[in-house]
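This is input_4.txt (compact mmCIF, C-alpha atoms).
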```txt
# COMPACT_ATOMS: atom_id res chain seq x y z
CA MET A 45 0.00 0.00 0.00
CA SER A 46 1.22 3.49 -0.85
CA LEU A 47 -0.12 5.57 2.04
CA THR A 48 0.92 9.20 2.55
CA LEU A 49 0.11 10.79 5.91
CA LEU A 50 -0.24 14.56 6.33
CA THR A 51 -0.99 16.36 9.59
CA ALA A 52 -1.51 19.90 10.87
CA GLY A 53 -2.65 20.49 14.44
CA ASP A 54 -5.66 18.22 15.02
CA ALA A 55 -6.16 17.45 11.32
CA ARG A 56 -4.98 14.21 9.72
CA LEU A 57 -5.11 13.19 6.05
CA GLU A 58 -4.32 9.77 4.59
CA ILE A 59 -3.78 9.60 0.82
CA ASN A 60 -3.53 6.34 -1.09
CA ALA A 61 -1.61 7.01 -4.31
CA ALA A 62 -1.87 3.37 -5.42
CA ILE A 63 -5.66 3.33 -5.33
CA GLY A 64 -6.62 6.15 -7.67
CA GLY A 65 -4.65 8.85 -5.87
CA ALA A 66 -7.58 8.88 -3.46
CA VAL A 67 -8.12 10.28 0.01
CA GLN A 68 -8.37 7.27 2.28
CA ARG A 69 -9.32 9.18 5.44
CA PHE A 70 -9.62 12.76 6.67
CA LEU A 71 -10.17 13.61 10.32
CA VAL A 72 -10.27 16.81 12.34
CA ARG A 73 -10.20 16.52 16.15
CA ASN A 74 -10.54 12.73 15.78
CA GLN A 75 -13.83 13.11 13.89
CA ASP A 76 -14.14 11.81 10.32
CA VAL A 77 -15.02 14.64 7.95
CA LEU A 78 -15.21 12.21 5.02
CA ARG A 79 -16.36 8.59 5.14
CA PRO A 80 -13.22 6.59 5.99
CA ALA A 81 -12.15 3.74 3.74
CA PRO A 82 -12.21 0.27 5.30
CA GLU A 83 -8.85 -1.20 6.37
CA ASP A 84 -8.92 -3.67 3.45
CA ALA A 85 -10.03 -1.16 0.80
CA SER A 86 -9.00 -2.15 -2.71
CA THR A 87 -10.97 0.17 -5.01
CA PRO A 88 -11.46 3.94 -5.26
CA LEU A 89 -15.19 3.46 -4.66
CA GLN A 90 -14.33 2.46 -1.08
CA MET A 91 -12.23 5.57 -0.51
CA ALA A 92 -13.22 8.85 1.13
CA CYS A 93 -12.70 10.97 -1.99
CA PHE A 94 -11.18 10.42 -5.42
CA PRO A 95 -10.23 12.60 -8.41
CA LEU A 96 -12.20 12.81 -11.65
CA ALA A 97 -10.19 13.56 -14.81
CA PRO A 98 -9.85 14.12 -17.74
CA PHE A 99 -13.61 14.52 -17.48
CA CYS A 100 -16.13 14.38 -14.68
CA ASN A 101 -19.64 13.00 -14.50
CA ARG A 102 -20.64 10.72 -17.37
CA ILE A 103 -20.48 10.64 -21.13
CA ARG A 104 -23.77 9.19 -22.31
CA ASP A 105 -23.19 5.86 -24.04
CA GLY A 106 -19.51 6.85 -24.33
CA VAL A 107 -20.11 9.01 -27.41
CA PHE A 108 -19.66 12.75 -27.97
CA ALA A 109 -18.70 15.16 -30.72
CA PHE A 110 -15.71 17.50 -30.49
CA ALA A 111 -14.01 19.63 -33.15
CA GLY A 112 -16.04 18.03 -35.92
CA GLU A 113 -15.19 14.45 -34.88
CA THR A 114 -17.26 11.78 -33.20
CA VAL A 115 -15.41 10.34 -30.22
CA ARG A 116 -16.33 6.86 -28.98
CA LEU A 117 -15.19 5.71 -25.54
CA ALA A 118 -15.41 2.24 -24.09
CA PRO A 119 -17.37 1.82 -20.86
CA ASN A 120 -15.02 2.04 -17.88
CA PHE A 121 -17.22 0.94 -14.99
CA SER A 122 -18.45 -2.64 -14.95
CA ASP A 123 -21.41 -3.10 -17.28
CA HIS A 124 -22.58 0.51 -16.94
CA PRO A 125 -23.44 1.79 -20.45
CA HIS A 126 -21.93 5.24 -19.92
CA THR A 127 -18.27 6.17 -19.54
CA LEU A 128 -17.91 7.55 -16.01
CA HIS A 129 -15.58 10.07 -14.33
CA GLY A 130 -12.56 9.69 -16.63
CA TRP A 131 -9.68 7.37 -15.75
CA ALA A 132 -7.69 9.24 -13.09
CA TRP A 133 -9.61 7.47 -10.33
CA GLN A 134 -8.76 4.08 -11.83
CA ARG A 135 -4.99 4.61 -12.05
CA PRO A 136 -2.16 4.63 -9.54
CA TRP A 137 -0.68 8.09 -9.00
CA THR A 138 2.89 9.13 -8.23
CA VAL A 139 3.77 11.01 -5.06
CA ALA A 140 5.89 13.84 -6.48
CA LEU A 141 6.30 15.94 -3.32
CA VAL A 142 5.52 15.42 0.34
CA SER A 143 6.07 17.33 3.58
CA SER A 144 4.38 17.10 6.96
CA ASP A 145 1.26 19.01 5.81
CA ARG A 146 1.45 19.09 1.99
CA ALA A 147 1.68 16.65 -0.89
CA VAL A 148 1.55 16.70 -4.67
CA LEU A 149 0.47 13.63 -6.66
CA THR A 150 0.83 13.34 -10.44
CA LEU A 151 -0.58 11.17 -13.20
CA GLU A 152 0.35 11.28 -16.87
CA GLN A 153 -1.52 9.38 -19.58
CA ALA A 154 -0.69 9.02 -23.27
CA ALA A 155 -3.52 9.14 -25.78
CA GLY A 156 -5.43 5.87 -25.69
CA GLU A 157 -8.77 5.37 -23.96
CA TRP A 158 -9.02 9.17 -24.04
CA PRO A 159 -7.84 10.24 -27.50
CA TRP A 160 -5.63 13.03 -26.11
CA SER A 161 -2.50 12.93 -23.94
CA TRP A 162 -2.93 14.58 -20.56
CA ARG A 163 -1.32 15.15 -17.18
CA ALA A 164 -3.08 15.68 -13.86
CA GLU A 165 -1.85 16.97 -10.51
CA GLN A 166 -3.43 16.92 -7.08
CA HIS A 167 -2.17 19.41 -4.51
CA PHE A 168 -3.12 18.61 -0.92
CA ALA A 169 -2.67 21.07 1.96
CA VAL A 170 -3.81 20.17 5.47
CA ARG A 171 -4.52 22.97 7.93
CA PRO A 172 -5.44 22.58 11.60
CA ASP A 173 -9.05 23.42 10.71
CA GLY A 174 -9.41 21.80 7.30
CA LEU A 175 -8.13 20.57 3.97
CA ARG A 176 -7.52 22.15 0.58
CA ILE A 177 -7.35 19.99 -2.55
CA GLU A 178 -6.48 21.49 -5.92
CA LEU A 179 -6.92 19.31 -8.97
CA LYS A 180 -5.17 20.49 -12.13
CA LEU A 181 -5.37 19.07 -15.64
CA TYR A 182 -2.94 19.81 -18.46
CA ASN A 183 -3.43 19.05 -22.14
CA ILE A 184 -0.04 17.68 -23.28
CA ASP A 185 -1.35 16.69 -26.69
CA ARG A 186 -0.69 18.63 -29.89
CA ARG A 187 -4.36 19.42 -30.46
CA PRO A 188 -7.16 21.00 -28.42
CA MET A 189 -8.84 18.71 -25.92
CA PRO A 190 -12.20 18.90 -24.14
CA ALA A 191 -11.82 18.42 -20.41
CA GLY A 192 -13.33 18.63 -16.98
CA VAL A 193 -12.15 17.81 -13.47
CA GLY A 194 -13.78 17.25 -10.12
CA LEU A 195 -13.63 15.44 -6.83
CA HIS A 196 -15.94 12.63 -5.73
CA PRO A 197 -16.28 12.86 -1.93
CA TYR A 198 -18.22 10.53 0.31
CA PHE A 199 -19.51 11.88 3.61
CA PRO A 200 -20.26 9.84 6.72
CA ALA A 201 -23.90 8.85 7.06
CA THR A 202 -25.11 8.82 10.63
CA ALA A 203 -28.48 9.15 12.31
CA SER A 204 -27.89 12.90 12.59
CA THR A 205 -27.06 13.53 8.90
```
Let me see the file written as structure tokens.
Amino acid sequence: MSLTLLTAGDARLEINAAIGGAVQRFLVRNQDVLRPAPEDASTPLQMACFPLAPFCNRIRDGVFAFAGETVRLAPNFSDHPHTLHGWAWQRPWTVALVSSDRAVLTLEQAAGEWPWSWRAEQHFAVRPDGLRIELKLYNIDRRPMPAGVGLHPYFPATAST
């Protein structure tokens, strides 16, 4: 497991670069802010939060038009008919920089499933009272590329939520 731990005051962040560059757990004052991943987590869907890139949400039936071309994408989530959330959440990330309260993860993908080459970065900064995540996407292809990014958080569900 590739677990990176960041802390600041009473805040603690666990990042799992190997499982989609995902947040595994985030606590402030020993209280989970995001739903924690189980100890034996093996997929991003079990994580607390994961990145969406090079597009977010879904592409209906995996087909869209861009720059006069029809783009066809294979489904990327079980037998779901739509292509969901890009591929960043389904790939291991590289920890490029880490300190006690900050980390940068990177992911670079050549054209393939997505017909354009791209690079993504996640910048994590833990503060005593919270967390900042910046998700950046770079087109490293020679032609324009449609894109979108986002985060997919899961929040704890209790009787009071």
Using all atoms listed in the file: which of A:Gly156, A:Gly174, A:Gly53, A:Gly65 has the shortest distance to A:Leu89: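 Closest to A:Leu89, using all atoms listed in the file: A:Gly65.
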Interatomic distance, atom CA of A:Ile103 to atom CA of A:Ala62 (Å, one decimal): 25.4 Å
If we count all atoms listed in the file, what is near A:Trp162 at a cut-off of 8 Å, once residues fewer than 3 positions away on the same chain are taken out, given as an MDAnalysis selection string? chainID A and resid 98 152:155 181:185
Considering only C-alpha atoms, return as a PyMOL selection string whatever protein or nucleic-acid residues lie within 10 Å of A:Arg176, sequence-local ones (same chain, fewer than 4 positions apart) excluded. chain A and resi 146+167-171
Which one of A:Leu117, A:Ala147, A:Ala109, A:Ala132 sits closest to A:Gly64 if you count all atoms listed in the file? A:Ala132
Centre and edge lengths, as lines of an AutoDock Vina configuration file, for the axis-aligned box enclosing every listed atom of stretch 170-185 of chain A with 6 Å of padding on each of the six sides, in Å to one decimal?
```
center_x = -4.7
center_y = 20.1
center_z = -7.5
size_x = 21.4
size_y = 18.7
size_z = 50.3
```
Could you check which of A:Leu96, A:Val193, A:Ala55, A:Ala203 is closest to A:Trp133, using only C-alpha atoms?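 Looking at the shortest contact to A:Trp133, the residue is A:Leu96.
Taking atom CA of A:Ser46 and atom CA of A:Ser122 as endpoints, the distance between them is 25.0 Å.
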Mind pulling up the distance from atom CA of A:Arg135 to atom CA of A:Val67? 13.7 Å
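Comparing A:Ser144, A:Pro88, A:Leu149, A:Arg116 by their smallest distance to A:Trp131, the closest is A:Pro88 (using all atoms listed in the file).
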From (-7.2, 15.0, -7.2), in the file's coordinates, out to 6 Å: which residues are reached, counting only C-alpha atoms? Answer as a ChimeraX atom specification. /A:95,166,179
Using all atoms listed in the file, which protein or nucleic acid residues come within 10 Å of A:Arg186? Drop anything in the same chain fewer than 3 positions from it, and give the result as a PDB file with C-alpha atoms, in the frame of the given file.
```
ATOM      1  CA  TRP A 160      -5.630  13.030 -26.110  1.00  0.00           C
ATOM      2  CA  SER A 161      -2.500  12.930 -23.940  1.00  0.00           C
ATOM      3  CA  ASN A 183      -3.430  19.050 -22.140  1.00  0.00           C
ATOM      4  CA  MET A 189      -8.840  18.710 -25.920  1.00  0.00           C
TER       5      MET A 189
END
```
Would you mind telling me which residue in A:Asn101, A:Thr87, A:Asn74, A:Thr150 lies nearest to A:Thr138 when using all atoms listed in the file?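 Closest candidate: A:Thr150.
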Go through A:Ala140, A:Leu47, A:Met91, A:Ala118 and flag the residue nearest A:Tyr198, using all atoms listed in the file for the distances.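 Ranked by minimum distance to A:Tyr198, first place goes to A:Met91.
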